[in-house]
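> Sharing my_file-v7.cif here; it has mmCIF, C-alpha atoms.
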```
data_run
loop_
_atom_site.group_PDB
_atom_site.id
_atom_site.type_symbol
_atom_site.label_atom_id
_atom_site.label_comp_id
_atom_site.auth_asym_id
_atom_site.auth_seq_id
_atom_site.Cartn_x
_atom_site.Cartn_y
_atom_site.Cartn_z
ATOM 1 C CA MET A 43 57.112 113.242 33.452
ATOM 2 C CA SER A 44 60.703 112.400 34.409
ATOM 3 C CA GLU A 45 63.039 110.330 32.321
ATOM 4 C CA CYS A 46 62.982 106.629 33.084
ATOM 5 C CA LYS A 47 66.153 105.519 34.808
ATOM 6 C CA ILE A 48 66.398 102.068 36.329
ATOM 7 C CA MET A 49 63.110 100.144 36.523
ATOM 8 C CA LYS A 50 62.059 98.153 39.552
ATOM 9 C CA LEU A 51 61.455 94.474 38.888
ATOM 10 C CA GLU A 52 57.949 94.721 40.386
ATOM 11 C CA ILE A 53 56.870 97.345 37.849
ATOM 12 C CA TYR A 54 58.357 95.401 34.951
ATOM 13 C CA ASN A 55 56.630 92.185 36.041
ATOM 14 C CA ALA A 56 53.312 94.019 36.355
ATOM 15 C CA ILE A 57 53.666 95.264 32.758
ATOM 16 C CA VAL A 58 54.476 91.734 31.554
ATOM 17 C CA ASP A 59 51.432 90.353 33.391
ATOM 18 C CA ASP A 60 49.123 93.000 31.907
ATOM 19 C CA PHE A 61 50.572 92.418 28.463
ATOM 20 C CA SER A 62 49.828 88.704 28.725
ATOM 21 C CA MET A 63 46.161 89.598 29.228
ATOM 22 C CA LEU A 64 45.915 91.492 25.935
ATOM 23 C CA THR A 65 43.706 89.923 23.288
ATOM 24 C CA SER A 66 45.125 92.010 20.452
ATOM 25 C CA PHE A 67 48.506 93.145 19.161
ATOM 26 C CA SER A 68 47.115 96.240 17.454
ATOM 27 C CA ARG A 69 48.009 99.853 18.153
ATOM 28 C CA ARG A 70 44.699 100.274 19.972
ATOM 29 C CA ALA A 71 45.523 97.547 22.496
ATOM 30 C CA GLU A 72 48.978 98.991 23.115
ATOM 31 C CA ASN A 73 47.480 102.426 23.749
ATOM 32 C CA GLU A 74 45.241 100.949 26.451
ATOM 33 C CA LEU A 75 48.318 99.624 28.220
ATOM 34 C CA LYS A 76 50.013 103.009 27.906
ATOM 35 C CA LYS A 77 47.048 104.676 29.603
ATOM 36 C CA LYS A 78 47.427 102.413 32.642
ATOM 37 C CA TYR A 79 51.151 103.112 32.948
ATOM 38 C CA ASN A 80 51.019 106.789 32.063
ATOM 39 C CA GLN A 81 53.573 107.576 34.789
ATOM 40 C CA LEU A 82 56.238 105.974 32.587
ATOM 41 C CA PRO A 83 57.777 107.746 29.600
ATOM 42 C CA PRO A 84 55.966 106.603 26.420
ATOM 43 C CA SER A 85 59.311 105.660 24.863
ATOM 44 C CA THR A 86 60.124 103.311 27.753
ATOM 45 C CA LEU A 87 56.762 101.560 27.824
ATOM 46 C CA GLY A 88 56.650 101.452 24.016
ATOM 47 C CA SER A 89 60.041 99.748 23.940
ATOM 48 C CA ILE A 90 58.979 97.155 26.528
ATOM 49 C CA ILE A 91 55.784 96.423 24.579
ATOM 50 C CA SER A 92 57.814 96.068 21.390
ATOM 51 C CA LEU A 93 60.092 93.493 23.032
ATOM 52 C CA LEU A 94 57.132 91.538 24.413
ATOM 53 C CA VAL A 95 55.251 91.538 21.093
ATOM 54 C CA GLN A 96 58.297 90.282 19.207
ATOM 55 C CA ARG A 97 58.844 87.465 21.705
ATOM 56 C CA SER A 98 55.198 86.510 21.555
ATOM 57 C CA MET A 99 55.292 86.424 17.744
ATOM 58 C CA LYS A 100 58.367 84.187 17.786
ATOM 59 C CA GLN A 101 56.304 81.648 19.701
ATOM 60 C CA SER A 102 52.975 81.946 17.873
ATOM 61 C CA TYR A 103 53.705 83.081 14.291
ATOM 62 C CA ARG A 104 54.726 80.444 11.788
ATOM 63 C CA LYS A 105 55.451 80.782 8.083
ATOM 64 C CA SER A 106 53.922 77.993 6.021
ATOM 65 C CA PRO A 107 51.731 77.593 2.926
ATOM 66 C CA VAL A 108 49.150 75.790 5.065
ATOM 67 C CA ILE A 109 48.785 78.717 7.451
ATOM 68 C CA SER A 110 48.727 81.232 4.581
ATOM 69 C CA SER A 111 45.953 79.222 2.918
ATOM 70 C CA LYS A 112 44.006 79.092 6.180
ATOM 71 C CA TYR A 113 44.297 82.858 6.619
ATOM 72 C CA HIS A 114 43.130 83.393 3.044
ATOM 73 C CA ASP A 115 40.059 81.191 3.560
ATOM 74 C CA LEU A 116 39.156 83.069 6.743
ATOM 75 C CA TYR A 117 39.625 86.370 4.944
ATOM 76 C CA GLU A 118 37.425 85.381 1.994
ATOM 77 C CA GLU A 119 34.690 84.161 4.336
ATOM 78 C CA LEU A 120 34.632 87.347 6.394
ATOM 79 C CA MET A 121 34.757 89.593 3.315
ATOM 80 C CA THR A 122 31.301 88.329 2.298
ATOM 81 C CA ASP A 123 29.838 90.136 5.302
ATOM 82 C CA LYS A 124 28.513 93.543 4.193
ATOM 83 C CA SER A 125 29.334 95.040 7.572
ATOM 84 C CA LYS A 126 32.815 93.531 7.455
ATOM 85 C CA GLY A 127 34.745 96.562 8.720
ATOM 86 C CA ASN A 128 38.455 96.040 9.299
ATOM 87 C CA VAL A 129 38.742 92.355 8.419
ATOM 88 C CA ILE A 130 42.475 91.878 8.896
ATOM 89 C CA MET A 131 42.313 93.535 12.308
ATOM 90 C CA LYS A 132 39.539 91.161 13.390
ATOM 91 C CA LEU A 133 41.238 88.064 12.030
ATOM 92 C CA SER A 134 44.663 88.908 13.437
ATOM 93 C CA ASP A 135 43.071 89.292 16.872
ATOM 94 C CA CYS A 136 41.356 85.905 16.525
ATOM 95 C CA GLN A 137 44.573 84.195 15.395
ATOM 96 C CA GLY A 138 46.783 85.858 17.996
ATOM 97 C CA VAL A 139 49.205 87.482 15.562
ATOM 98 C CA SER A 140 50.032 91.075 14.744
ATOM 99 C CA PRO A 141 47.996 92.728 11.934
ATOM 100 C CA ALA A 142 51.000 93.261 9.649
ATOM 101 C CA LEU A 143 52.187 89.677 10.028
ATOM 102 C CA PHE A 144 48.683 88.401 9.257
ATOM 103 C CA ALA A 145 48.609 90.594 6.141
ATOM 104 C CA ARG A 146 52.041 89.333 5.067
ATOM 105 C CA SER A 147 50.964 85.698 5.421
ATOM 106 C CA LEU A 148 47.726 86.415 3.566
ATOM 107 C CA LEU A 149 49.584 87.943 0.608
ATOM 108 C CA GLN A 150 51.919 84.963 0.443
ATOM 109 C CA ASN A 151 48.861 82.903 -0.459
ATOM 110 C CA VAL A 152 47.569 85.448 -2.972
ATOM 111 C CA TYR A 153 50.927 85.727 -4.780
ATOM 112 C CA SER A 154 52.959 82.642 -5.611
ATOM 113 C CA ASP A 155 55.964 84.916 -6.129
ATOM 114 C CA SER A 156 57.266 85.765 -2.642
ATOM 115 C CA ALA A 157 59.129 88.776 -4.028
ATOM 116 C CA MET A 158 55.839 90.225 -5.279
ATOM 117 C CA ALA A 159 54.214 89.624 -1.889
ATOM 118 C CA LYS A 160 57.017 91.598 -0.230
ATOM 119 C CA LYS A 161 56.601 94.437 -2.715
ATOM 120 C CA CYS A 162 52.866 94.600 -1.997
ATOM 121 C CA ILE A 163 53.475 94.867 1.736
ATOM 122 C CA LYS A 164 55.731 97.855 1.107
ATOM 123 C CA ASP A 165 53.394 99.401 -1.472
ATOM 124 C CA THR A 166 49.747 98.345 -1.200
ATOM 125 C CA THR A 167 48.836 100.235 -4.397
ATOM 126 C CA LEU A 168 50.410 97.300 -6.291
ATOM 127 C CA ILE A 169 47.595 95.014 -5.080
ATOM 128 C CA GLU A 170 45.037 94.761 -7.872
ATOM 129 C CA ASP A 171 42.121 93.838 -5.620
ATOM 130 C CA LYS A 172 41.132 97.218 -4.167
ATOM 131 C CA ASP A 173 39.370 95.702 -1.147
ATOM 132 C CA LEU A 174 42.393 93.567 -0.321
ATOM 133 C CA ALA A 175 44.703 96.555 -0.819
ATOM 134 C CA TYR A 176 42.642 98.607 1.640
ATOM 135 C CA GLN A 177 42.514 95.815 4.231
ATOM 136 C CA VAL A 178 46.277 95.190 4.025
ATOM 137 C CA PHE A 179 46.973 98.923 4.301
ATOM 138 C CA MET A 180 44.777 99.234 7.405
ATOM 139 C CA GLY A 181 46.452 96.216 8.966
ATOM 140 C CA ILE A 182 49.909 97.693 8.448
ATOM 141 C CA MET A 183 48.874 101.135 9.704
ATOM 142 C CA ASN A 184 47.454 99.634 12.908
ATOM 143 C CA ASP A 185 50.626 97.717 13.755
ATOM 144 C CA ASN A 186 53.332 99.467 15.783
ATOM 145 C CA GLN A 187 55.773 96.567 15.676
ATOM 146 C CA TYR A 188 55.785 94.986 12.208
ATOM 147 C CA GLY A 189 55.506 96.193 8.629
ATOM 148 C CA PRO A 190 57.459 98.701 6.539
ATOM 149 C CA TYR A 191 56.336 101.808 8.433
ATOM 150 C CA ALA A 192 57.121 100.324 11.839
ATOM 151 C CA ASP A 193 60.544 99.234 10.550
ATOM 152 C CA ILE A 194 61.354 102.716 9.269
ATOM 153 C CA ILE A 195 60.309 104.311 12.561
ATOM 154 C CA LYS A 196 62.509 101.928 14.572
ATOM 155 C CA GLN A 197 65.492 102.539 12.297
ATOM 156 C CA SER A 198 64.980 106.302 12.546
ATOM 157 C CA ILE A 199 64.848 106.186 16.347
ATOM 158 C CA GLY A 200 68.059 104.156 16.473
ATOM 159 C CA LEU A 201 69.810 106.626 14.174
ATOM 160 C CA GLU A 202 68.456 109.610 16.110
ATOM 161 C CA TYR A 203 70.048 108.419 19.350
ATOM 162 C CA GLU A 204 73.327 107.512 17.669
ATOM 163 C CA LEU A 205 73.491 111.056 16.304
ATOM 164 C CA ARG A 206 72.628 112.429 19.741
ATOM 165 C CA LEU A 207 75.499 110.449 21.261
ATOM 166 C CA GLU A 208 77.865 111.578 18.523
ATOM 167 C CA ARG A 209 76.892 115.202 19.159
ATOM 168 C CA GLU A 210 77.534 114.862 22.884
ATOM 169 C CA LEU A 211 80.956 113.298 22.286
ATOM 170 C CA ARG A 212 81.897 116.165 19.975
ATOM 171 C CA LEU A 213 80.660 118.792 22.430
ATOM 172 C CA MET A 214 82.996 117.325 25.049
ATOM 173 C CA ASN A 215 85.881 117.205 22.549
ATOM 174 C CA ILE A 216 86.095 113.420 22.862
ATOM 175 C CA THR A 217 87.575 112.069 19.642
ATOM 176 C CA PHE A 218 86.432 108.713 18.290
ATOM 177 C CA SER A 219 86.223 106.304 15.380
ATOM 178 C CA ASP A 220 82.712 105.341 14.299
ATOM 179 C CA GLU A 221 81.477 102.019 12.899
ATOM 180 C CA ASN A 222 82.312 102.910 9.293
ATOM 181 C CA ILE A 223 85.919 103.749 10.139
ATOM 182 C CA LEU A 224 86.332 100.602 12.228
ATOM 183 C CA ARG A 225 84.913 98.393 9.476
ATOM 184 C CA SER A 226 87.321 99.956 6.985
ATOM 185 C CA ARG A 227 90.098 98.778 9.311
ATOM 186 C CA GLY A 228 88.862 95.188 9.090
ATOM 187 C CA TYR A 229 86.749 94.856 12.243
ATOM 188 C CA ASP A 230 83.569 92.837 11.659
ATOM 189 C CA LYS A 231 81.808 93.534 14.978
ATOM 190 C CA THR A 232 82.153 97.098 16.131
ATOM 191 C CA PRO A 233 80.690 99.362 18.823
ATOM 192 C CA ASP A 234 78.982 102.549 17.707
ATOM 193 C CA PHE A 235 81.973 104.620 18.856
ATOM 194 C CA LYS A 236 85.519 103.543 19.699
ATOM 195 C CA LEU A 237 87.223 106.326 21.641
ATOM 196 C CA ASP A 238 90.616 107.369 20.314
ATOM 197 C CA VAL A 239 91.728 108.054 23.888
ATOM 198 C CA PRO A 240 89.999 106.348 26.836
ATOM 199 C CA ILE A 241 87.955 108.309 29.350
ATOM 200 C CA ALA A 242 87.014 107.475 32.927
ATOM 201 C CA VAL A 243 83.364 107.667 33.977
ATOM 202 C CA ASP A 244 83.078 107.807 37.753
ATOM 203 C CA GLY A 245 86.466 106.116 37.875
ATOM 204 C CA PHE A 246 85.624 103.335 35.381
ATOM 205 C CA ILE A 247 87.793 103.225 32.252
ATOM 206 C CA VAL A 248 85.752 103.493 29.027
ATOM 207 C CA ASN A 249 87.258 102.650 25.627
ATOM 208 C CA TRP A 250 84.045 102.436 23.606
ATOM 209 C CA VAL A 251 80.384 103.466 23.752
ATOM 210 C CA GLU A 252 77.377 101.497 22.477
ATOM 211 C CA SER A 253 74.002 103.193 21.920
ATOM 212 C CA LYS A 254 70.823 101.153 22.437
ATOM 213 C CA ALA A 255 67.650 103.121 21.693
ATOM 214 C CA LEU A 256 65.472 100.705 23.642
ATOM 215 C CA PHE A 257 64.746 99.322 27.104
ATOM 216 C CA GLY A 258 67.201 96.785 28.466
ATOM 217 C CA ASP A 259 65.782 93.699 30.160
ATOM 218 C CA GLU A 260 67.288 90.330 31.047
ATOM 219 C CA GLU A 261 66.596 88.646 27.713
ATOM 220 C CA ASN A 262 67.731 91.271 25.235
ATOM 221 C CA HIS A 263 70.732 92.234 27.383
ATOM 222 C CA SER A 264 71.823 88.590 27.450
ATOM 223 C CA GLY A 265 71.578 88.490 23.663
ATOM 224 C CA TYR A 266 73.600 91.677 23.241
ATOM 225 C CA LEU A 267 76.222 90.380 25.673
ATOM 226 C CA LYS A 268 76.689 87.181 23.696
ATOM 227 C CA GLU A 269 76.529 88.640 20.188
ATOM 228 C CA GLN A 270 78.143 92.070 20.619
ATOM 229 C CA LEU A 271 79.323 93.318 23.991
ATOM 230 C CA SER A 272 81.668 90.427 24.802
ATOM 231 C CA CYS A 273 83.347 90.917 21.422
ATOM 232 C CA TYR A 274 83.859 94.623 22.085
ATOM 233 C CA TRP A 275 85.374 93.902 25.483
ATOM 234 C CA ASN A 276 87.723 91.240 24.086
ATOM 235 C CA ARG A 277 88.998 93.578 21.356
ATOM 236 C CA PHE A 278 88.899 97.028 22.907
ATOM 237 C CA GLY A 279 88.683 96.580 26.677
ATOM 238 C CA PRO A 280 85.950 97.915 28.976
ATOM 239 C CA GLY A 281 83.274 100.286 27.702
ATOM 240 C CA LEU A 282 79.927 101.987 28.248
ATOM 241 C CA VAL A 283 76.459 100.781 27.164
ATOM 242 C CA ILE A 284 73.610 103.298 27.044
ATOM 243 C CA TYR A 285 70.041 102.028 27.260
ATOM 244 C CA TRP A 286 68.348 105.303 26.401
ATOM 245 C CA PHE A 287 64.862 104.142 27.418
ATOM 246 C CA GLY A 288 65.961 102.684 30.759
ATOM 247 C CA TYR A 289 66.838 99.212 31.942
ATOM 248 C CA LEU A 290 65.801 96.625 34.503
ATOM 249 C CA GLU A 291 67.379 96.970 37.957
ATOM 250 C CA THR A 292 68.522 93.337 37.973
ATOM 251 C CA LEU A 293 71.052 94.066 35.213
ATOM 252 C CA ASN A 294 73.215 95.950 37.706
ATOM 253 C CA SER A 295 73.901 92.684 39.543
ATOM 254 C CA LYS A 296 75.162 90.915 36.416
ATOM 255 C CA PRO A 297 78.853 89.890 36.680
ATOM 256 C CA GLU A 298 79.773 91.678 33.441
ATOM 257 C CA VAL A 299 78.379 95.029 34.617
ATOM 258 C CA ASN A 300 81.051 97.232 36.228
ATOM 259 C CA ASN A 301 83.674 94.775 34.992
ATOM 260 C CA MET A 302 83.366 94.534 31.216
ATOM 261 C CA PHE A 303 81.277 97.690 30.875
ATOM 262 C CA ILE A 304 79.046 100.070 32.786
ATOM 263 C CA LEU A 305 75.385 100.805 32.109
ATOM 264 C CA ARG A 306 73.778 104.222 31.819
ATOM 265 C CA THR A 307 70.504 105.684 30.511
ATOM 266 C CA ASN A 308 72.223 108.695 28.921
ATOM 267 C CA PHE A 309 75.720 109.950 28.268
ATOM 268 C CA PRO A 310 77.347 110.958 31.565
ATOM 269 C CA GLU A 311 77.617 114.573 32.677
ATOM 270 C CA LYS A 312 80.938 116.236 32.072
ATOM 271 C CA ALA A 313 81.603 116.456 35.819
ATOM 272 C CA SER A 314 81.720 112.644 36.090
ATOM 273 C CA ILE A 315 84.162 112.217 33.177
ATOM 274 C CA THR A 316 87.941 112.270 33.314
ATOM 275 C CA GLN A 317 89.605 112.695 29.947
ATOM 276 C CA TYR A 318 93.109 111.377 29.403
ATOM 277 C CA ARG A 319 95.699 112.884 27.113
ATOM 278 C CA ILE A 320 98.564 111.246 25.326
ATOM 279 C CA ASP A 321 101.735 113.302 25.515
ATOM 280 C CA LEU A 322 103.669 113.074 22.293
#
```
Take the structure in the file and give it back as structure tokens.

Amino acid sequence: MSECKIMKLEIYNAIVDDFSMLTSFSRRAENELKKKYNQLPPSTLGSIISLLVQRSMKQSYRKSPVISSKYHDLYEELMTDKSKGNVIMKLSDCQGVSPALFARSLLQNVYSDSAMAKKCIKDTTLIEDKDLAYQVFMGIMNDNQYGPYADIIKQSIGLEYELRLERELRLMNITFSDENILRSRGYDKTPDFKLDVPIAVDGFIVNWVESKALFGDEENHSGYLKEQLSCYWNRFGPGLVIYWFGYLETLNSKPEVNNMFILRTNFPEKASITQYRIDL
């Protein structure tokens, strides 16, 4: 299986269409989608699914005492069934929300103290009701996108690719200042790496490099442009954005691409880089 580079719009749209047909946001449902698109790297398809689930939850998931109470009533009713099985999985499918988010809302009704509800999501052994503790645990474990374990995995992946980029910069003897150094100098919004001396990648001047351990599509790229990338360009000049899990082909036609920054799916080969030196 080759690394995903730039994705055709037709393939992306087909994935979005198939995702819209899913009746569950559980790990099992996501695995079914991965089987259909097994020609794609799992990291690429997993990132696309993650983006689509999060957008779907923004539209359908609402925090409110009324909804939490409703979820609790449904849970109590289903728990009376002796052959109940995985109750939270069943109910989250019926309500069109992810299992971990359903569990979170359910606990907010069980515990009046929201801080305690958050603690119980992170550590289900704190839940006194053993049946509820088991159901919440199973809901969290069957959710790839939400919950403490999913959050840790996403953070670890992001850090892994930042470290990979840092290693590649060092191997090429490209000196840089990282986010911590830049923040100590008073910058509030900083790229992952600001190069001490610019480089040229295929003739394009690069002053900074941003690592994105995900797939880049129109919506998340637009958000990054507004919240981060435009700021980097205004302060440091043109740079390089790496979407490690690939990006949508339409991004290459965006006016900012090849003007404010260039896009890549990995750090460029040494042969395509020109390093500049400052003569003292």
> Ranking A:Trp250, A:Phe257, A:Tyr113, A:Tyr54 by minimum distance to Leu237 of chain A and counting only C-alpha atoms, which one comes first?
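Going through A:Trp250, A:Phe257, A:Tyr113, A:Tyr54 one by one, the smallest distance to Leu237 of chain A is for A:Trp250.
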> Tell me, in Å to one decimal, how far atom CA of Met121 of chain A is from atom CA of Ser154 of chain A.
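One can read the atom CA of Met121 of chain A to atom CA of Ser154 of chain A distance as 21.4 Å.
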> Counting all atoms listed in the file, which of A:Lys296, A:Lys161, A:Lys112, A:Lys236 gets nearest to Ser264 of chain A?
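Checking each of A:Lys296, A:Lys161, A:Lys112, A:Lys236 against Ser264 of chain A, counting all atoms listed in the file, the winner is A:Lys296.
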> Given the file shown, enumerate the residues that the PyMOL selection byres ((chain A and resi 242) around 10) captures and present them as a ChimeraX atom specification.
/A:240-241,243-249,281,314-318
> How about saving the chosen residues, C-alpha atoms kept, as a PDB file, in the frame of the given file?

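The file below, result_9.pdb, is the result:
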```
ATOM      1  CA  PRO A 240      89.999 106.348  26.836  1.00  0.00           C
ATOM      2  CA  ILE A 241      87.955 108.309  29.350  1.00  0.00           C
ATOM      3  CA  VAL A 243      83.364 107.667  33.977  1.00  0.00           C
ATOM      4  CA  ASP A 244      83.078 107.807  37.753  1.00  0.00           C
ATOM      5  CA  GLY A 245      86.466 106.116  37.875  1.00  0.00           C
ATOM      6  CA  PHE A 246      85.624 103.335  35.381  1.00  0.00           C
ATOM      7  CA  ILE A 247      87.793 103.225  32.252  1.00  0.00           C
ATOM      8  CA  VAL A 248      85.752 103.493  29.027  1.00  0.00           C
ATOM      9  CA  ASN A 249      87.258 102.650  25.627  1.00  0.00           C
ATOM     10  CA  GLY A 281      83.274 100.286  27.702  1.00  0.00           C
ATOM     11  CA  SER A 314      81.720 112.644  36.090  1.00  0.00           C
ATOM     12  CA  ILE A 315      84.162 112.217  33.177  1.00  0.00           C
ATOM     13  CA  THR A 316      87.941 112.270  33.314  1.00  0.00           C
ATOM     14  CA  GLN A 317      89.605 112.695  29.947  1.00  0.00           C
ATOM     15  CA  TYR A 318      93.109 111.377  29.403  1.00  0.00           C
TER      16      TYR A 318
END
```
> Out of A:Glu291, A:Asp230, A:Glu72, A:Asp259, which residue has the shortest atom-to-atom distance to Arg277 of chain A when counting all atoms listed in the file?
A:Asp230
> Of the candidates A:Ser68, A:Thr292, A:Asn308, A:Ser110, which shows the shortest atom-to-atom distance to Ser253 of chain A, using only C-alpha atoms?
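Looking only at the distances to Ser253 of chain A, the closest residue turns out to be A:Asn308.
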> Could you tell me which residues the PyMOL selection byres ((chain A and resi 175) around 12) returns for this structure, as a list of chain:residue names?
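Evaluating the PyMOL selection byres ((chain A and resi 175) around 12) on this file yields A:Asn128, A:Val129, A:Ile130, A:Ala145, A:Arg146, A:Leu148, A:Leu149, A:Val152, A:Ala159, A:Cys162, A:Ile163, A:Lys164, A:Asp165, A:Thr166, A:Thr167, A:Leu168, A:Ile169, A:Glu170, A:Asp171, A:Lys172, A:Asp173, A:Leu174, A:Tyr176, A:Gln177, A:Val178, A:Phe179, A:Met180, A:Gly181, A:Ile182.
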> When the PyMOL selection byres ((chain A and resi 272) around 12) is applied to the file above, which residues end up in the set, as an MDAnalysis selection string?
chainID A and resid 231:233 263:271 273:281 283 298:299 301:303
> Calculated over all atoms listed in the file, which of the candidates A:Ile109, A:Met63, A:Ala142, A:Leu305 has the smallest distance to Asp193 of chain A?
A:Ala142
> Nearest to Glu221 of chain A among A:Leu293, A:Met158, A:Val239, A:Val251, with distances taken over all atoms listed in the file: which residue is it?
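Residue with the minimum atom-to-atom distance to Glu221 of chain A: A:Val251.
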> Just to confirm, what's the straight-line distance from atom CA of Ala71 of chain A to atom CA of Gly189 of chain A in Å (one decimal)?
17.1 Å
> Please report, as JSON lines, each residue of segment 232-313 of chain A lying at most 10 Å from segment 198-205 of chain A, together with the nearest pair of atoms and the separation in Å rounded to one decimal; use only C-alpha atoms, and order rows by chain and ascending residue number.

```
{"residue": "A:Asp234", "atom": "CA", "partner": "A:Glu204", "partner_atom": "CA", "distance": 7.5}
{"residue": "A:Phe235", "atom": "CA", "partner": "A:Glu204", "partner_atom": "CA", "distance": 9.2}
{"residue": "A:Glu252", "atom": "CA", "partner": "A:Glu204", "partner_atom": "CA", "distance": 8.7}
{"residue": "A:Ser253", "atom": "CA", "partner": "A:Glu204", "partner_atom": "CA", "distance": 6.1}
{"residue": "A:Lys254", "atom": "CA", "partner": "A:Gly200", "partner_atom": "CA", "distance": 7.2}
{"residue": "A:Ala255", "atom": "CA", "partner": "A:Gly200", "partner_atom": "CA", "distance": 5.3}
{"residue": "A:Leu256", "atom": "CA", "partner": "A:Gly200", "partner_atom": "CA", "distance": 8.4}
{"residue": "A:Ile284", "atom": "CA", "partner": "A:Tyr203", "partner_atom": "CA", "distance": 9.9}
{"residue": "A:Trp286", "atom": "CA", "partner": "A:Tyr203", "partner_atom": "CA", "distance": 7.9}
{"residue": "A:Asn308", "atom": "CA", "partner": "A:Tyr203", "partner_atom": "CA", "distance": 9.8}
```
> Box along x, y and z, 5 Å on every side, all listed atoms of segment 160-176 of chain A inside: centre and edge lengths in Å to one decimal, as lines of an AutoDock Vina configuration file.

```
center_x = 48.2
center_y = 95.9
center_z = -3.1
size_x = 27.6
size_y = 18.6
size_z = 19.6
```
> In Å to one decimal, how far is atom CA of Met131 of chain A from atom CA of Leu87 of chain A?
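These two atoms are separated by 22.7 Å.
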> Just want the 10 Å neighbourhood of segment 97-101 of chain A, counted on all atoms listed in the file, with same-chain residues fewer than 6 positions away dropped. Output as a PyMOL selection string.
chain A and resi 62+67+91+138-140+143+261
